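**Student:** Contents of start19.json (JSON, C-alpha atoms (C1' of nucleotides)) are below:
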```json
[["chain", "number", "residue", "atom", "x", "y", "z"],
["A", 1, "MET", "CA", 23.49, 11.56, -16.81],
["A", 2, "ALA", "CA", 22.84, 12.12, -13.13],
["A", 3, "ILE", "CA", 21.89, 15.65, -12.26],
["A", 4, "ARG", "CA", 23.13, 17.20, -9.07],
["A", 5, "SER", "CA", 23.64, 20.91, -9.36],
["A", 6, "GLU", "CA", 20.13, 21.21, -8.06],
["A", 7, "THR", "CA", 19.61, 18.12, -5.99],
["A", 8, "MET", "CA", 16.71, 15.78, -6.35],
["A", 9, "GLN", "CA", 15.61, 16.65, -2.85],
["A", 10, "LYS", "CA", 15.18, 20.28, -3.80],
["A", 11, "ARG", "CA", 13.17, 19.38, -6.84],
["A", 12, "VAL", "CA", 10.92, 17.02, -4.93],
["A", 13, "LEU", "CA", 10.39, 19.53, -2.16],
["A", 14, "SER", "CA", 9.52, 22.26, -4.60],
["A", 15, "VAL", "CA", 6.88, 20.08, -6.21],
["A", 16, "LEU", "CA", 5.36, 19.44, -2.79],
["A", 17, "LYS", "CA", 5.49, 23.11, -1.85],
["A", 18, "ARG", "CA", 3.57, 24.09, -4.94],
["A", 19, "ARG", "CA", 0.68, 21.94, -3.84],
["A", 20, "ALA", "CA", -1.93, 22.65, -1.22],
["A", 21, "ARG", "CA", -2.65, 18.96, -0.74],
["A", 22, "PRO", "CA", -0.60, 15.87, -0.09],
["A", 23, "ALA", "CA", 0.83, 14.14, -3.12],
["A", 24, "SER", "CA", 1.71, 10.52, -3.65],
["A", 25, "ALA", "CA", 5.27, 9.63, -4.52],
["A", 26, "TYR", "CA", 4.07, 8.73, -7.99],
["A", 27, "ALA", "CA", 2.30, 12.06, -8.41],
["A", 28, "VAL", "CA", 5.61, 13.77, -7.66],
["A", 29, "LEU", "CA", 7.32, 11.39, -10.05],
["A", 30, "ASP", "CA", 4.88, 12.19, -12.84],
["A", 31, "GLU", "CA", 5.35, 15.89, -12.36],
["A", 32, "LEU", "CA", 9.13, 15.67, -12.35],
["A", 33, "ARG", "CA", 9.07, 13.54, -15.47],
["A", 34, "GLY", "CA", 8.06, 16.64, -17.38],
["A", 35, "GLU", "CA", 11.62, 17.92, -17.13],
["A", 36, "HIS", "CA", 13.25, 14.59, -16.48],
["A", 37, "PRO", "CA", 11.50, 11.85, -18.46],
["A", 38, "LYS", "CA", 13.50, 8.88, -17.25],
["A", 39, "LEU", "CA", 13.14, 9.52, -13.56],
["A", 40, "ALA", "CA", 12.45, 6.33, -11.61],
["A", 41, "PRO", "CA", 10.42, 5.69, -8.44],
["A", 42, "ALA", "CA", 13.45, 4.78, -6.36],
["A", 43, "THR", "CA", 14.99, 8.19, -6.91],
["A", 44, "VAL", "CA", 11.88, 9.98, -5.76],
["A", 45, "TYR", "CA", 11.44, 7.68, -2.78],
["A", 46, "ARG", "CA", 15.04, 8.28, -1.76],
["A", 47, "ALA", "CA", 14.52, 12.01, -1.84],
["A", 48, "LEU", "CA", 11.25, 11.72, 0.07],
["A", 49, "SER", "CA", 12.89, 9.59, 2.76],
["A", 50, "ALA", "CA", 15.68, 12.05, 3.25],
["A", 51, "LEU", "CA", 13.29, 15.00, 3.33],
["A", 52, "THR", "CA", 11.11, 13.21, 5.85],
["A", 53, "GLU", "CA", 14.06, 12.30, 8.06],
["A", 54, "ASN", "CA", 15.30, 15.85, 8.00],
["A", 55, "GLY", "CA", 11.95, 17.37, 8.86],
["A", 56, "TYR", "CA", 11.10, 19.06, 5.57],
["A", 57, "VAL", "CA", 8.29, 16.75, 4.65],
["A", 58, "HIS", "CA", 5.56, 14.81, 6.40],
["A", 59, "ARG", "CA", 4.65, 11.37, 5.33],
["A", 60, "VAL", "CA", 0.90, 11.08, 5.84],
["A", 61, "GLU", "CA", 0.72, 7.44, 6.85],
["A", 62, "SER", "CA", -3.00, 6.96, 6.64],
["A", 63, "ILE", "CA", -3.16, 8.02, 3.00],
["A", 64, "ASN", "CA", 0.29, 7.06, 1.75],
["A", 65, "ALA", "CA", 1.15, 10.55, 0.68],
["A", 66, "PHE", "CA", 3.61, 13.34, 1.35],
["A", 67, "ILE", "CA", 3.28, 17.02, 2.14],
["A", 68, "ALA", "CA", 5.77, 19.82, 2.66],
["A", 69, "ARG", "CA", 5.97, 20.82, 6.30],
["A", 70, "GLN", "CA", 4.65, 24.17, 7.33],
["A", 71, "THR", "CA", 7.02, 24.38, 10.30],
["A", 72, "HIS", "CA", 10.47, 22.95, 10.15],
["A", 73, "ALA", "CA", 10.93, 22.84, 13.91],
["A", 74, "ASP", "CA", 9.89, 19.95, 16.13],
["A", 75, "VAL", "CA", 10.25, 16.93, 14.00],
["A", 76, "SER", "CA", 7.93, 14.19, 15.16],
["A", 77, "THR", "CA", 5.77, 16.34, 17.38],
["A", 78, "SER", "CA", 3.18, 17.50, 14.96],
["A", 79, "ILE", "CA", -0.38, 16.45, 14.55],
["A", 80, "LEU", "CA", -1.98, 16.31, 11.13],
["A", 81, "SER", "CA", -5.61, 16.97, 10.41],
["A", 82, "ILE", "CA", -6.84, 15.57, 7.13],
["A", 83, "CYS", "CA", -10.06, 16.76, 5.56],
["A", 84, "ASP", "CA", -11.72, 13.74, 3.99],
["A", 85, "ASP", "CA", -13.84, 16.02, 1.82],
["A", 86, "CYS", "CA", -11.34, 18.37, 0.20],
["A", 87, "GLY", "CA", -8.08, 16.62, 1.08],
["A", 88, "VAL", "CA", -6.46, 19.56, 2.80],
["A", 89, "VAL", "CA", -3.97, 18.69, 5.51],
["A", 90, "GLU", "CA", -3.01, 21.01, 8.34],
["A", 91, "GLU", "CA", -0.23, 20.72, 10.85],
["A", 92, "THR", "CA", -0.67, 21.47, 14.53],
["A", 93, "VAL", "CA", 2.08, 21.45, 17.11],
["A", 94, "SER", "CA", 1.22, 20.59, 20.69],
["A", 95, "HIS", "CA", 4.04, 19.80, 23.04],
["A", 96, "ASN", "CA", 1.53, 19.22, 25.80],
["A", 97, "LEU", "CA", -0.41, 16.60, 23.97],
["A", 98, "ILE", "CA", 2.73, 14.81, 22.85],
["A", 99, "ALA", "CA", 4.03, 14.88, 26.40],
["A", 100, "ASP", "CA", 0.76, 13.44, 27.69],
["A", 101, "LEU", "CA", 0.86, 10.74, 25.08],
["A", 102, "SER", "CA", 4.45, 9.87, 25.88],
["A", 103, "ARG", "CA", 3.67, 9.70, 29.56],
["A", 104, "LEU", "CA", 0.73, 7.42, 28.90],
["A", 105, "MET", "CA", 2.88, 5.06, 26.86],
["A", 106, "GLU", "CA", 5.65, 5.08, 29.42],
["A", 107, "LYS", "CA", 3.20, 4.00, 32.12],
["A", 108, "SER", "CA", 3.08, 0.61, 30.46],
["A", 109, "GLY", "CA", 6.84, 0.45, 30.02],
["A", 110, "PHE", "CA", 6.93, 1.53, 26.41],
["A", 111, "SER", "CA", 9.65, 3.92, 25.20],
["A", 112, "PRO", "CA", 8.21, 6.15, 22.50],
["A", 113, "GLN", "CA", 10.50, 7.27, 19.69],
["A", 114, "HIS", "CA", 8.17, 8.57, 17.05],
["A", 115, "HIS", "CA", 4.49, 9.53, 16.98],
["A", 116, "VAL", "CA", 2.01, 9.27, 14.20],
["A", 117, "ILE", "CA", -1.06, 11.35, 14.97],
["A", 118, "GLU", "CA", -3.47, 11.86, 12.12],
["A", 119, "VAL", "CA", -7.00, 13.07, 12.61],
["A", 120, "HIS", "CA", -9.52, 12.55, 9.84],
["A", 121, "GLY", "CA", -12.65, 14.65, 9.55],
["A", 122, "GLN", "CA", -13.86, 17.84, 7.91],
["A", 123, "CYS", "CA", -12.01, 21.11, 7.74],
["A", 124, "GLU", "CA", -13.67, 24.38, 8.59],
["A", 125, "SER", "CA", -14.71, 25.23, 5.03],
["A", 126, "CYS", "CA", -16.05, 21.77, 4.28],
["A", 127, "CYS", "CA", -18.07, 21.63, 7.52],
["A", 128, "GLY", "CA", -20.05, 24.65, 6.50],
["A", 129, "ASN", "CA", -20.59, 23.53, 2.93],
["A", 130, "GLY", "CA", -22.26, 20.15, 2.94],
["A", 131, "GLY", "CA", -22.16, 19.76, 6.69],
["A", 132, "ALA", "CA", -24.69, 18.38, 9.16],
["A", 133, "GLU", "CA", -25.82, 21.79, 10.35],
["B", 1, "MET", "CA", -18.08, -22.85, -4.73],
["B", 2, "ALA", "CA", -18.37, -19.98, -2.30],
["B", 3, "ILE", "CA", -18.08, -20.95, 1.34],
["B", 4, "ARG", "CA", -20.30, -19.37, 3.90],
["B", 5, "SER", "CA", -21.22, -21.70, 6.71],
["B", 6, "GLU", "CA", -18.29, -20.18, 8.51],
["B", 7, "THR", "CA", -17.96, -16.72, 7.11],
["B", 8, "MET", "CA", -14.80, -15.30, 5.68],
["B", 9, "GLN", "CA", -14.75, -12.67, 8.39],
["B", 10, "LYS", "CA", -14.60, -15.34, 11.08],
["B", 11, "ARG", "CA", -11.77, -17.10, 9.35],
["B", 12, "VAL", "CA", -9.78, -13.94, 8.86],
["B", 13, "LEU", "CA", -10.35, -12.88, 12.45],
["B", 14, "SER", "CA", -9.25, -16.24, 13.76],
["B", 15, "VAL", "CA", -6.00, -16.02, 11.81],
["B", 16, "LEU", "CA", -5.34, -12.62, 13.32],
["B", 17, "LYS", "CA", -6.24, -13.79, 16.81],
["B", 18, "ARG", "CA", -3.74, -16.61, 16.64],
["B", 19, "ARG", "CA", -0.95, -14.12, 16.08],
["B", 20, "ALA", "CA", 0.75, -11.92, 18.62],
["B", 21, "ARG", "CA", 1.86, -9.49, 15.94],
["B", 22, "PRO", "CA", 0.17, -7.58, 13.16],
["B", 23, "ALA", "CA", -0.19, -9.41, 9.88],
["B", 24, "SER", "CA", -0.38, -8.02, 6.39],
["B", 25, "ALA", "CA", -3.43, -8.81, 4.32],
["B", 26, "TYR", "CA", -1.26, -11.06, 2.17],
["B", 27, "ALA", "CA", 0.06, -12.93, 5.20],
["B", 28, "VAL", "CA", -3.54, -13.69, 6.15],
["B", 29, "LEU", "CA", -4.22, -14.66, 2.57],
["B", 30, "ASP", "CA", -1.29, -17.07, 2.49],
["B", 31, "GLU", "CA", -2.37, -18.71, 5.70],
["B", 32, "LEU", "CA", -5.96, -19.15, 4.56],
["B", 33, "ARG", "CA", -4.80, -20.60, 1.28],
["B", 34, "GLY", "CA", -3.80, -23.68, 3.20],
["B", 35, "GLU", "CA", -7.43, -24.68, 3.48],
["B", 36, "HIS", "CA", -8.69, -22.63, 0.60],
["B", 37, "PRO", "CA", -6.14, -22.55, -2.19],
["B", 38, "LYS", "CA", -7.94, -20.26, -4.62],
["B", 39, "LEU", "CA", -8.64, -17.47, -2.18],
["B", 40, "ALA", "CA", -8.00, -14.06, -3.72],
["B", 41, "PRO", "CA", -6.81, -10.78, -2.22],
["B", 42, "ALA", "CA", -10.10, -8.99, -2.75],
["B", 43, "THR", "CA", -11.94, -11.48, -0.54],
["B", 44, "VAL", "CA", -9.50, -11.02, 2.31],
["B", 45, "TYR", "CA", -9.52, -7.26, 1.95],
["B", 46, "ARG", "CA", -13.31, -7.25, 2.04],
["B", 47, "ALA", "CA", -13.31, -9.21, 5.26],
["B", 48, "LEU", "CA", -10.64, -6.98, 6.77],
["B", 49, "SER", "CA", -12.59, -3.85, 5.89],
["B", 50, "ALA", "CA", -15.75, -5.17, 7.48],
["B", 51, "LEU", "CA", -13.88, -6.31, 10.58],
["B", 52, "THR", "CA", -12.20, -2.94, 10.85],
["B", 53, "GLU", "CA", -15.46, -1.04, 10.43],
["B", 54, "ASN", "CA", -17.12, -3.16, 13.06],
["B", 55, "GLY", "CA", -14.35, -2.77, 15.58],
["B", 56, "TYR", "CA", -12.93, -6.28, 15.61],
["B", 57, "VAL", "CA", -9.67, -5.39, 13.95],
["B", 58, "HIS", "CA", -7.25, -2.50, 13.87],
["B", 59, "ARG", "CA", -5.60, -1.43, 10.72],
["B", 60, "VAL", "CA", -2.11, -0.30, 11.66],
["B", 61, "GLU", "CA", -1.68, 2.51, 9.16],
["B", 62, "SER", "CA", 2.00, 3.11, 9.61],
["B", 63, "ILE", "CA", 2.94, -0.46, 8.76],
["B", 64, "ASN", "CA", 0.09, -1.51, 6.46],
["B", 65, "ALA", "CA", -0.95, -4.38, 8.65],
["B", 66, "PHE", "CA", -3.86, -5.64, 10.68],
["B", 67, "ILE", "CA", -4.28, -6.88, 14.22],
["B", 68, "ALA", "CA", -7.19, -8.32, 16.20],
["B", 69, "ARG", "CA", -8.47, -5.85, 18.75],
["B", 70, "GLN", "CA", -7.93, -6.56, 22.39],
["B", 71, "THR", "CA", -10.98, -4.55, 23.40],
["B", 72, "HIS", "CA", -14.04, -4.42, 21.26],
["B", 73, "ALA", "CA", -15.42, -1.30, 22.89],
["B", 74, "ASP", "CA", -14.59, 2.24, 21.84],
["B", 75, "VAL", "CA", -13.95, 2.02, 18.17],
["B", 76, "SER", "CA", -11.68, 4.83, 17.07],
["B", 77, "THR", "CA", -10.47, 5.83, 20.49],
["B", 78, "SER", "CA", -7.54, 3.56, 20.92],
["B", 79, "ILE", "CA", -3.88, 4.28, 20.74],
["B", 80, "LEU", "CA", -1.46, 1.75, 19.37],
["B", 81, "SER", "CA", 2.11, 1.31, 20.48],
["B", 82, "ILE", "CA", 4.32, -0.50, 18.01],
["B", 83, "CYS", "CA", 7.63, -1.99, 19.06],
["B", 84, "ASP", "CA", 10.05, -1.43, 16.21],
["B", 85, "ASP", "CA", 12.31, -4.16, 17.59],
["B", 86, "CYS", "CA", 9.99, -7.13, 18.11],
["B", 87, "GLY", "CA", 6.90, -5.93, 16.25],
["B", 88, "VAL", "CA", 4.50, -6.29, 19.13],
["B", 89, "VAL", "CA", 1.55, -3.92, 19.10],
["B", 90, "GLU", "CA", -0.42, -2.94, 22.19],
["B", 91, "GLU", "CA", -3.67, -1.11, 22.45],
["B", 92, "THR", "CA", -4.31, 1.64, 24.99],
["B", 93, "VAL", "CA", -7.60, 3.40, 25.53],
["B", 94, "SER", "CA", -7.56, 6.96, 26.79],
["B", 95, "HIS", "CA", -10.75, 8.94, 26.57],
["B", 96, "ASN", "CA", -8.98, 11.91, 28.07],
["B", 97, "LEU", "CA", -6.28, 12.06, 25.48],
["B", 98, "ILE", "CA", -8.73, 11.63, 22.64],
["B", 99, "ALA", "CA", -10.90, 14.36, 24.13],
["B", 100, "ASP", "CA", -7.89, 16.68, 24.39],
["B", 101, "LEU", "CA", -6.94, 15.93, 20.83],
["B", 102, "SER", "CA", -10.46, 16.55, 19.57],
["B", 103, "ARG", "CA", -10.63, 19.83, 21.45],
["B", 104, "LEU", "CA", -7.31, 20.90, 19.97],
["B", 105, "MET", "CA", -8.53, 20.17, 16.45],
["B", 106, "GLU", "CA", -11.83, 21.91, 17.03],
["B", 107, "LYS", "CA", -10.01, 25.07, 18.08],
["B", 108, "SER", "CA", -8.99, 25.52, 14.47],
["B", 109, "GLY", "CA", -12.45, 24.70, 13.16],
["B", 110, "PHE", "CA", -11.77, 21.10, 12.27],
["B", 111, "SER", "CA", -14.41, 18.42, 12.96],
["B", 112, "PRO", "CA", -12.66, 15.19, 13.87],
["B", 113, "GLN", "CA", -14.28, 11.93, 12.83],
["B", 114, "HIS", "CA", -11.57, 9.36, 13.22],
["B", 115, "HIS", "CA", -8.18, 9.31, 14.92],
["B", 116, "VAL", "CA", -5.05, 7.48, 13.97],
["B", 117, "ILE", "CA", -2.60, 7.46, 16.86],
["B", 118, "GLU", "CA", 0.35, 5.16, 16.51],
["B", 119, "VAL", "CA", 3.43, 5.42, 18.66],
["B", 120, "HIS", "CA", 6.63, 3.76, 17.52],
["B", 121, "GLY", "CA", 9.39, 2.84, 19.92],
["B", 122, "GLN", "CA", 10.50, -0.06, 22.09],
["B", 123, "CYS", "CA", 8.31, -2.21, 24.26],
["B", 124, "GLU", "CA", 9.22, -3.03, 27.84],
["B", 125, "SER", "CA", 11.01, -6.31, 27.05],
["B", 126, "CYS", "CA", 12.98, -4.87, 24.16],
["B", 127, "CYS", "CA", 14.06, -1.80, 26.14],
["B", 128, "GLY", "CA", 15.80, -3.96, 28.68],
["B", 129, "ASN", "CA", 17.37, -6.27, 26.16],
["B", 130, "GLY", "CA", 19.47, -4.23, 23.77],
["B", 131, "GLY", "CA", 18.48, -0.91, 25.23],
["B", 132, "ALA", "CA", 20.47, 2.21, 26.05],
["B", 133, "GLU", "CA", 20.66, 1.48, 29.74],
["C", 1, "DT", "C1'", -41.10, -25.14, -2.13],
["C", 2, "DG", "C1'", -40.05, -22.00, -5.66],
["C", 3, "DT", "C1'", -38.38, -17.86, -6.97],
["C", 4, "DA", "C1'", -36.68, -13.36, -6.70],
["C", 5, "DA", "C1'", -33.90, -9.92, -4.24],
["C", 6, "DA", "C1'", -29.98, -9.10, -1.52],
["C", 7, "DA", "C1'", -25.56, -10.00, 0.10],
["C", 8, "DA", "C1'", -21.20, -12.38, 0.12],
["C", 9, "DT", "C1'", -17.80, -14.47, -2.35],
["C", 10, "DG", "C1'", -15.22, -15.89, -6.65],
["C", 11, "DT", "C1'", -12.49, -14.46, -10.40],
["C", 12, "DT", "C1'", -9.81, -11.83, -13.49],
["C", 13, "DA", "C1'", -7.35, -8.11, -14.17],
["C", 14, "DT", "C1'", -5.07, -4.20, -13.03],
["C", 15, "DG", "C1'", -3.78, -0.17, -10.32],
["C", 16, "DT", "C1'", -0.86, 1.73, -6.74],
["C", 17, "DT", "C1'", 2.85, 1.97, -3.50],
["C", 18, "DA", "C1'", 7.57, 0.72, -2.38],
["C", 19, "DT", "C1'", 12.20, -1.29, -2.39],
["C", 20, "DA", "C1'", 16.23, -4.47, -3.64],
["C", 21, "DA", "C1'", 20.33, -4.74, -6.09],
["C", 22, "DC", "C1'", 23.72, -3.35, -8.77],
["C", 23, "DA", "C1'", 25.73, 0.11, -12.33],
["C", 24, "DT", "C1'", 27.19, 4.67, -13.19],
["C", 25, "DA", "C1'", 28.15, 9.48, -12.46],
["C", 26, "DA", "C1'", 29.14, 13.61, -9.61],
["C", 27, "DT", "C1'", 31.52, 15.54, -5.84],
["C", 28, "DG", "C1'", 35.08, 16.63, -2.65],
["C", 29, "DA", "C1'", 39.35, 15.67, -0.40],
["C", 30, "DA", "C1'", 44.04, 14.17, -0.46],
["D", 1, "DT", "C1'", 44.33, 12.88, -10.77],
["D", 2, "DT", "C1'", 42.88, 9.28, -8.19],
["D", 3, "DC", "C1'", 40.29, 7.63, -4.78],
["D", 4, "DA", "C1'", 36.56, 7.38, -1.56],
["D", 5, "DT", "C1'", 32.04, 8.82, -0.80],
["D", 6, "DT", "C1'", 27.56, 9.77, -1.92],
["D", 7, "DA", "C1'", 23.75, 10.44, -5.07],
["D", 8, "DT", "C1'", 21.49, 9.02, -8.84],
["D", 9, "DG", "C1'", 20.28, 5.81, -12.79],
["D", 10, "DT", "C1'", 18.38, 1.54, -14.10],
["D", 11, "DT", "C1'", 16.17, -2.79, -14.05],
["D", 12, "DA", "C1'", 13.38, -5.64, -11.90],
["D", 13, "DT", "C1'", 10.23, -7.06, -8.73],
["D", 14, "DA", "C1'", 7.88, -7.09, -4.26],
["D", 15, "DA", "C1'", 4.10, -5.66, -1.59],
["D", 16, "DC", "C1'", -0.28, -3.55, -0.99],
["D", 17, "DA", "C1'", -5.00, -2.68, -2.71],
["D", 18, "DT", "C1'", -9.22, -2.33, -5.50],
["D", 19, "DA", "C1'", -12.31, -2.26, -9.81],
["D", 20, "DA", "C1'", -15.54, -4.74, -12.30],
["D", 21, "DC", "C1'", -18.29, -8.26, -13.28],
["D", 22, "DA", "C1'", -19.76, -13.38, -12.61],
["D", 23, "DT", "C1'", -21.44, -16.72, -9.53],
["D", 24, "DT", "C1'", -23.19, -18.66, -5.38],
["D", 25, "DT", "C1'", -25.42, -18.45, -0.93],
["D", 26, "DT", "C1'", -28.75, -16.76, 1.92],
["D", 27, "DT", "C1'", -33.07, -14.76, 3.09],
["D", 28, "DA", "C1'", -37.54, -13.61, 2.83],
["D", 29, "DC", "C1'", -41.95, -14.22, 1.35],
["D", 30, "DA", "C1'", -45.36, -15.46, -2.07]]
```
Using the file provided, produce a representation of the structure as structure tokens.

**Tutor:**
Amino acid sequence: MAIRSETMQKRVLSVLKRRARPASAYAVLDELRGEHPKLAPATVYRALSALTENGYVHRVESINAFIARQTHADVSTSILSICDDCGVVEETVSHNLIADLSRLMEKSGFSPQHHVIEVHGQCESCCGNGGAE
Amino acid sequence: MAIRSETMQKRVLSVLKRRARPASAYAVLDELRGEHPKLAPATVYRALSALTENGYVHRVESINAFIARQTHADVSTSILSICDDCGVVEETVSHNLIADLSRLMEKSGFSPQHHVIEVHGQCESCCGNGGAE
DNA sequence: TGTAAAAATGTTATGTTATAACATAATGAA
DNA sequence: TTCATTATGTTATAACATAACATTTTTACA
């Protein structure tokens, strides 16, 4: 009964790519259950883990959700901005900032392996809309 | 039956302060149940939220845990390093790095409100122990 | 001091996120 | 074609978090 000709990873990734906003694992699960009613959480989580490890997907730690990466290069060096109004997440790559951060950590003897940098606030469109100005 | 002479926040904070490592909300709950057997998750979560908002506690987003702050100043400007070997978390304050990060976000029109910066890796003691060198 | 409003906590129930453990099926190589 | 490997299915449960409403404590002030 297992389906492999198109792998689960591809299916999960395509669900994420169709969305402008991060999705929870269970949101992906619900969507995939349309074509695959018996799909279980573990299967989706396995696919999400693999996609995250291989740089196709970001796990957004501060909201427990997942989003397809815009750039496949530079795993673990991107910065996410999360609009708390509309939910849009953008990816920014800054080697300089990551290097500064690593240097700062190393000063106290810490060896950095993986960075989680998530900035919450308002995106450009939402700032204008209900914003303070 | 509600207890207030010593508030729940104080109790929760003192549990966290006695620990060198981050604790999950349920770990705090279990400990407090020693003296307070009927304590429920919601009560602990309420205290943790207030403590976090008021800068006494960090929520470590990438591991769903909480830790007492080492410095009470500068809410939202600290950087956490998390040792994936021993679990120790340290707090580093860098106004410069936060300023750089904010500037970077603002370049694309984003208005930052709150930063989550968590660096995973190995702390000084763990590096030496089983480390690559 | 009595009483009403406000705030914190209690309580019950449930929602959400995530993984462990083992069974089964698909794939690829010998 | 059989075996080893890997992915997925399946069942169950663990872990994390909050909604909604009841009750109690505190406080303020009449």

**Student:** Suppose you want the space between CA of Ser81 in chain B and CA of Glu106 in chain B; what is it in Å?

**Tutor:**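 Interatomic distance here is 25.1 Å.
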
**Student:** Compute the chain C side of the contact with chain B at 10 Å, counting all atoms listed in the file, and hand it back as a ChimeraX atom specification.

**Tutor:** /C:8-11

**Student:** Per residue of chain D within 9 Å of chain B, record the nearest atom pair and its distance in Å to one decimal, counting only C-alpha atoms (C1' of nucleotides), with rows in chain order and ascending residue number, as a tab-separated table.

**Tutor:**
```
residue	atom	partner	partner_atom	distance
D:DA15	C1'	B:Tyr26	CA	8.5
D:DC16	C1'	B:Asn64	CA	7.7
D:DA17	C1'	B:Tyr45	CA	7.9
D:DT18	C1'	B:Ala42	CA	7.3
D:DT23	C1'	B:Met1	CA	8.5
D:DT24	C1'	B:Ala2	CA	5.9
D:DT25	C1'	B:Arg4	CA	7.1
```

**Student:** Atoms to include: C-alpha atoms (C1' of nucleotides). Write the selected residues as a tab-separated table (two decimals), keeping the file's coordinate frame.

**Tutor:**
```tsv
chain	number	residue	atom	x	y	z
D	15	DA	C1'	4.10	-5.66	-1.59
D	16	DC	C1'	-0.28	-3.55	-0.99
D	17	DA	C1'	-5.00	-2.68	-2.71
D	18	DT	C1'	-9.22	-2.33	-5.50
D	23	DT	C1'	-21.44	-16.72	-9.53
D	24	DT	C1'	-23.19	-18.66	-5.38
D	25	DT	C1'	-25.42	-18.45	-0.93
```

**Student:** Between B:Val12, B:Cys123, B:Ala23, B:Leu104, single out the one closest to chain A, counting all atoms listed in the file.

**Tutor:** B:Cys123

**Student:** Residues of chain A no more than 6 Å from chain B, counting only C-alpha atoms: send them over as an MDAnalysis selection string.

**Tutor:** chainID A and resid 61:62 109:124

**Student:** Keeping only C-alpha atoms, write those residues as a CSV table (one decimal), keeping the file's coordinate frame.

**Tutor:**
```
chain,number,residue,atom,x,y,z
A,61,GLU,CA,0.7,7.4,6.8
A,62,SER,CA,-3.0,7.0,6.6
A,109,GLY,CA,6.8,0.4,30.0
A,110,PHE,CA,6.9,1.5,26.4
A,111,SER,CA,9.6,3.9,25.2
A,112,PRO,CA,8.2,6.2,22.5
A,113,GLN,CA,10.5,7.3,19.7
A,114,HIS,CA,8.2,8.6,17.0
A,115,HIS,CA,4.5,9.5,17.0
A,116,VAL,CA,2.0,9.3,14.2
A,117,ILE,CA,-1.1,11.4,15.0
A,118,GLU,CA,-3.5,11.9,12.1
A,119,VAL,CA,-7.0,13.1,12.6
A,120,HIS,CA,-9.5,12.6,9.8
A,121,GLY,CA,-12.6,14.6,9.6
A,122,GLN,CA,-13.9,17.8,7.9
A,123,CYS,CA,-12.0,21.1,7.7
A,124,GLU,CA,-13.7,24.4,8.6
```
